[in-house]
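Visitor: Got a structure for you, questions after.
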Amino acid sequence: MRSFHAPPADMPEKLRIRRWIQTLWPFLLEYRGRVVAAFLCLLVAKLASVGMPFLLKYQVDHLDATGVLSEDWWIGFPLMLLVAYGAVRFMTVLAGELRDLLFGRVTERVMRRMSLTLFRHLHSLSLSFHLDRQTGALQRDIERGTSGISFLMRFMIFNILPTLLELLLVIVLLFANYPPIFALITLVAVVLYIGYSVQITEWRTRYVREANKMDSTTHARALDSLLNYETVKYFTAEERESAVYDESLGRWEEARRMNRLSLFTLNSGQALIISVAMAAMLMSSAHYVLTGEMTLGDFTLVNAFMFQLFLPLNFLGFIYREIKASVANIERMFELLDVESQVPDNGKAALSVSQGRVEFRDIQFGYNEDRQILKGLNLALEPGRSLALVGGSGAGKSTITRLLFRFYDPQSGQVLIDGQDTVSVTQQSLRHTLGIVPQDTVLFNDTLRNNLLYAKPDASEEDLIEVIRMASLTTLVNDSPDGLNTLVGERGLKLSGGEKQRIAIARMLLKEPAIMVFDEATSSLDSETERTIMAEIRKVAEGHTALIIAHRLSTVVDADEIAVIEDGSVVERGTHQGLLAKQGRYFQLWLAQQSTDSGETQDQGGDQNAPVDH
């Protein structure tokens with residue numbers, strides 16, 4: 001079952017770039033004044049840049065006309081021209097620096113807005129997307145995407161467009177003031193340079209994409225292996241992990257090699273075009289000086305124009321290459337923005353809970369078309385009462401929880417809370433009403449305090465201490481070196497499974513939801529702690545609608561009702577004693593667990609009485 005609809009892979013690049021501009025444009029408008037000021041600085045810098053060779057020409061012609069140095073040399077010395085030349089050069093640099101200063105804030109704001117937009121979008125996507133993703137690769141895509149946006153904005157707007165404008169001005173000025181050969185050489189060189197750069201860059205972009213792909217894959221593989229450090233050690237799989245990692249690095253190395261080879265081809269061709277053009281320009285200008293049709297100042301002007309023009313043109317080739325690389329970088333980032341949630345938040349009204357009655361009505365659901373999990377499930381949780389779900393592994397108990405939280409939508413049927421279809425209410429209001437203790441508790445790499453307050457950031461210290469007591473966390477807090485300020489480690493790895501589960505229970509209690517869900521809430525606890533926690537759960541759940549999913553039947557004997565799920569539907573329902581009296585499926589499960597528990601007890605007893613071998 002696909003969780004998203006990505007844009008077609010064969011979508012023309014022009015359309016892709018147009019969509020990207022449409023996304024970025026509103027962020028640019030936040031600082032429209034700075035953008036306008038930056039463009040004015042850009043215009044001043046380019047006009048000054050084009051004017052400098054003319055000032056240099058007049059200086060050379062003036063000096064050439066002055067002749068040999070004499071006692072009154074200062075009379076003919078072009079002092080004002082030199083001062084003007086220095087002033088114009090300073091203005092060029094100053095305008096460029098002011099442009100970068102003004103537009104830097106705009107670029108940073110766009111990067112911030114895009115990162116936040118993508119972050120929010122990723123949180124809005126359905127669970128199926130996040131189950132399929134690789135965290136490391138996703139992180140690299142985001143990092144490269146934001147950097148690519150910054151590069152694209154700065155250099156596309158302030159390097160490519162200005163350089164093209166400068167090229168046009170120079171060609172027009174050369175054509176208007178000098179023989180047509182100069183403008184013609186310049187025009188041919190520019191056309192050849194741009195055409196060659198575009199063709200070769202298009203060819204090498206695929207190697208850039210492949211290198212990026214392998215970079216993301218390699219990073220994801222390394223992160224996944226390091227996060228599962230203990231598992232690697234348990235199975236002595238260090239060499240296997242290194243071999244897989246090295247294989248990914250090898251493919252990355254090959255992609256980078258082809259990238260480098262294509263870059264050599266591009267740079268060499270560009271250098272050849274520029275060198276031939278400059279040589280042709282200098283030879284032509286030297287010819288016209290010798291024939292008297294041009295002055296030494298004109299020769300200097302043409303030479304200055306060539307250096308001033310072709311150096312940015314060479315830089316333009318670099319910029320174009322990098323922009324193509326940036327496009328490849330941000331391609332994946334915008335594809336992520338194009339991902340659509342399988343469970344869209346189309347609810348118009350907030351959920352209003354008065355009683356807390358939950359009903360699953362004729363639910364048909366499967367994670368894929370080949371295997372249905374729930375088959376016409378009908379189940380109701382009465383207000384203020386606890387209902388326990390029991391059954392074999394894969395019966396669909398946890399799936400019911402995911403449907404209740406609307407991580408998935410059923411293929412048919414309805415999930416109702418006080419008669420309101422969960423599809424018609426906002427997901428935020430729905431999940432605000434629900435509280436859960438999950439089977440697998442993953443904590444943030446933060447303090448005990450902040451992990452508890454995640455459920456209710458504005459909770460008082462008294463509330464925090466109370467839920468710590470109720471979840472039997474007092475000993476953990478007191479024994480920790482920094483108390484509630486103790487760091488729990490990445491994903492809570494510094495804590496045991498039982499400690500993490502107690503934190504999850506305390507967090508849910510702090511939230512005080514109207515409807516409570518306990519998904520194997522005591523699976524990692526010892527028997528004594530389990531009895532204590534279950535007593536607290538019963539106390540807290542009193543008067544609340546509570547859904548308890550349990551594997552050990554002994555933990556749910558006091559539930560108001562017990563429902564047996566098998567093959568995707570409810571096969572039995574009643575109280576513990578009532579179901580035992582029926583001697584049906586629940587009775588069989590009870591006998592099987594009692595037999596297993598009895599066997600474990602006998603084994604433990606046998607171990608205790610076994611003779612000790614000295």
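As shown in the structure tokens, the chain order sets the letters A, B, ...; within each chain, residues go from 1, and ligands are also counted from 1 in the order they appear.
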Which residues of region 273-390 of chain A come within 10 Å of region 39-49 of chain A, and for each one, what is the closest pair of atoms and their distance in Å to one decimal, counting only C-alpha atoms, sorted by chain and residue number, as a tab-separated table?
Guide:
residue	atom	partner	partner_atom	distance
A:Phe305	CA	A:Ser49	CA	9.7
A:Gln308	CA	A:Ser49	CA	8.2
A:Leu309	CA	A:Ser49	CA	9.9
Visitor: Based on the backbone DSSP call, show me all residues of region 304-540 of chain A assigned helix (DSSP H, G or I), as number ranges by chain.
Guide: A: 304-338, 397-404, 422-424, 427-433, 448-453, 461-470, 474-479, 483-485, 490-492, 497-511, 527-540
Visitor: Please give the complete set of residues from region 451-580 of chain A that DSSP, run on the backbone, assigns to strand (DSSP E), formatted as a ChimeraX atom specification.
Guide: /A:515-519,545-549,561-566,569-574
Visitor: Considering only C-alpha atoms, return as a ChimeraX atom specification whatever protein or nucleic-acid residues lie within 8 Å of Pro410 (chain A), sequence-local ones (same chain, fewer than 3 positions apart) excluded.
Guide: /A:363-366,403,413-414
Visitor: Kindly give the distance, in Å, that separates CA of Ser248 (chain A) and CA of Leu336 (chain A), rounded to a single decimal.
Guide: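 Interatomic distance here is 23.2 Å.
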Visitor: Do you have the CA of Glu254 (chain A)-CA of Thr218 (chain A) distance handy?
Guide: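 That distance, rounded to one decimal, is 13.3 Å.
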Visitor: What lies within 7 Å of Leu416 (chain A) using only C-alpha atoms, ignoring chain neighbours under 5 positions off, as a PyMOL selection string?
Guide: chain A and resi 358-360+421-422
Visitor: Please dump the current selection as a short mmCIF file (atom, residue, chain, number, x, y, z; two decimals), in the first residue's frame; keep N, CA and C atoms.
Guide:
data_model
loop_
_atom_site.label_atom_id
_atom_site.label_comp_id
_atom_site.auth_asym_id
_atom_site.auth_seq_id
_atom_site.Cartn_x
_atom_site.Cartn_y
_atom_site.Cartn_z
N VAL A 358 -16.57 4.56 22.38
CA VAL A 358 -15.81 4.27 21.16
C VAL A 358 -16.45 3.07 20.47
N GLU A 359 -16.63 3.19 19.16
CA GLU A 359 -17.25 2.09 18.42
C GLU A 359 -16.49 1.86 17.11
N PHE A 360 -16.14 0.60 16.87
CA PHE A 360 -15.60 0.17 15.59
C PHE A 360 -16.73 -0.54 14.86
N ASP A 421 -17.59 10.40 13.56
CA ASP A 421 -16.64 9.65 12.74
C ASP A 421 -15.27 10.32 12.84
N THR A 422 -14.25 9.54 13.16
CA THR A 422 -12.91 10.12 13.33
C THR A 422 -12.38 10.74 12.05
#
Visitor: Which of these residues is nearest to Asn451 (chain A), using only C-alpha atoms: A:Arg502, A:Arg507, A:His121, A:Arg431?
Guide: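 Of A:Arg502, A:Arg507, A:His121, A:Arg431, the one nearest Asn451 (chain A) is A:Arg507, counting only C-alpha atoms.
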Visitor: At a cut-off of 9 Å, using only C-alpha atoms, what residues contact Asn346 (chain A)? Leave out same-chain residues fewer than 5 positions from it and give the result as a list in words.
Guide: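 Those residues are Val423, Ser424, Val425, Thr426 and Gln427 of chain A.
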Visitor: Can you tell me, as a ChimeraX atom specification, what residues are no more than 12 Å from region 466-471 of chain A when counting only C-alpha atoms, ignoring any on the same chain fewer than 5 positions away?
Guide: /A:437,448-449,452-453,455-456,459-461,476-478,483-484,498-512,521-522,525,529-540
Visitor: Near Val208 (chain A), counting only C-alpha atoms, which residues have an atom at most 7 Å away, once you skip same-chain residues fewer than 4 positions from it, shown as a list in words?
Guide: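 Those residues are Arg204, Asn212, Asn259 and Ala325 of chain A.
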Visitor: Using the selection just defined, write its residues with N, CA and C atoms as a short mmCIF file (atom, residue, chain, number, x, y, z; two decimals), in the first residue's frame.
Guide:
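Resulting contents of again_23.cif:
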data_model
loop_
_atom_site.label_atom_id
_atom_site.label_comp_id
_atom_site.auth_asym_id
_atom_site.auth_seq_id
_atom_site.Cartn_x
_atom_site.Cartn_y
_atom_site.Cartn_z
N ARG A 204 26.80 15.17 -17.33
CA ARG A 204 27.41 14.82 -16.06
C ARG A 204 26.44 14.90 -14.88
N ASN A 212 24.98 11.54 -5.18
CA ASN A 212 24.11 11.95 -4.08
C ASN A 212 23.32 10.77 -3.53
N ASN A 259 32.05 11.42 -12.01
CA ASN A 259 31.75 12.84 -11.82
C ASN A 259 33.01 13.68 -12.09
N ALA A 325 24.03 20.84 -10.12
CA ALA A 325 24.21 19.96 -8.96
C ALA A 325 23.21 20.31 -7.87
#
Visitor: Go through A:Thr555, A:Ser429, A:Gln59, A:Gln577 and flag the residue nearest Asp345 (chain A), using only C-alpha atoms for the distances.
Guide: A:Ser429
Visitor: Taking only C-alpha atoms into account, name the residue in A:Met80, A:Ser268, A:Met333, A:Phe27 that is nearest to Tyr196 (chain A).
Guide: A:Ser268
Visitor: Taking only C-alpha atoms into account, which of A:Thr474, A:Pro438, A:Ile200, A:Val571 comes nearest Ile549 (chain A)?
Guide: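 For Ile549 (chain A), the nearest of the candidates is A:Pro438.
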Visitor: Between CA of Thr295 (chain A) and CA of Asp61 (chain A), what is the spacing in Å?
Guide: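 Separation of CA of Asp61 (chain A) and CA of Thr295 (chain A): 7.0 Å.
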Visitor: Nearest to Phe151 (chain A) among A:Phe182, A:Leu82, A:Val327, A:Tyr31, with distances taken over only C-alpha atoms: which residue is it?
Guide: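 Closest residue, counting only C-alpha atoms: A:Val327.
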Visitor: Pick out the closest residue to His123 (chain A) from this set: A:Val556, A:Ile548, A:Ile515, A:Leu337. Count only C-alpha atoms.
Guide: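 Counting only C-alpha atoms, the residue closest to His123 (chain A) is A:Leu337.
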